[in-house]
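Accompanying notes for the structure given below.
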Amino acid sequence: MKDYRNLKVWERAHQVALRVYSITKAFPKEEQYNLTSQLRRSAISIPTNIVEGSAKFTDKDFANYLQISLGSTHEVEYLLFFCQELELIDAKQIDPLVKEVGEVKAMLISLIKKVRSN
């Protein structure tokens, strides 16, 4: 069992989730139960699965939860791209966030490999 607060990837994922929540506040009301909700759920899934996985007793279980977090990074990336295509988010807002999601993705991949090699 690990303390998730000591994991740099959790801190970065937490910041991504906060930024997604902030950006989606400006989405149209008609998207509240569609894209806004889906993007927020995907974003919060990244750090929450890290937290849940860190409470597991085996490295295998921890790695499985990290894998779920990794899948959520892909979902967030796509949804941000989709929102940009719909002109709900402009490039000035999305580009730094997509970069940050990519960095979280790389950190998760590295941590998954490390945990699985134990």
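Following the order of the structure tokens, chains are lettered A, B, ..., residues in each are numbered from 1, and ligands are numbered from 1.
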
Quick one: residues within 7 Å of range 9-11 of chain A, only C-alpha atoms, excluding same-chain residues fewer than 2 positions away - as an MDAnalysis selection string? chainID A and resid 4:5 7 13:15 47 50 104 107:108

Excluding Lys25 in chain A and its own-chain neighbours fewer than 5 positions away, which residues fall within 12 Å of it when counting only C-alpha atoms? Please give them as a ChimeraX atom specification. /A:18-20,31-32,35-37,39-40,88-89

I need the residue nearest Leu70 in chain A from this list: A:Val98, A:Ile23, A:Ile44, A:Ile109. Use only C-alpha atoms for the distance.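 Between A:Val98, A:Ile23, A:Ile44, A:Ile109, the residue approaching Leu70 in chain A most closely is A:Ile109.
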
Write out as a ChimeraX atom specification all residues of range 25-57 of chain A that DSSP puts in helix (DSSP H, G or I) for this structure's backbone. /A:29-31,35-54

Top pick for closest residue to Val101 in chain A, considering A:Gln84, A:Asn64, A:Thr48, A:Ser42 and counting only C-alpha atoms: A:Ser42

Quote the spacing between CA of Arg116 in chain A and CA of Ser72 in chain A in Å to one decimal place. 19.4 Å

What is the CA of Ile46 in chain A-CA of Gly102 in chain A distance in Å, reported with one decimal?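 Atom-to-atom, CA of Ile46 in chain A and CA of Gly102 in chain A are spaced 12.3 Å apart.
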
Which residue gives the smallest distance to Lys114 in chain A among A:Ile94, A:Val76, A:Cys83, A:Leu66, with only C-alpha atoms counted?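 So, comparing all the options, the nearest one is A:Leu66.
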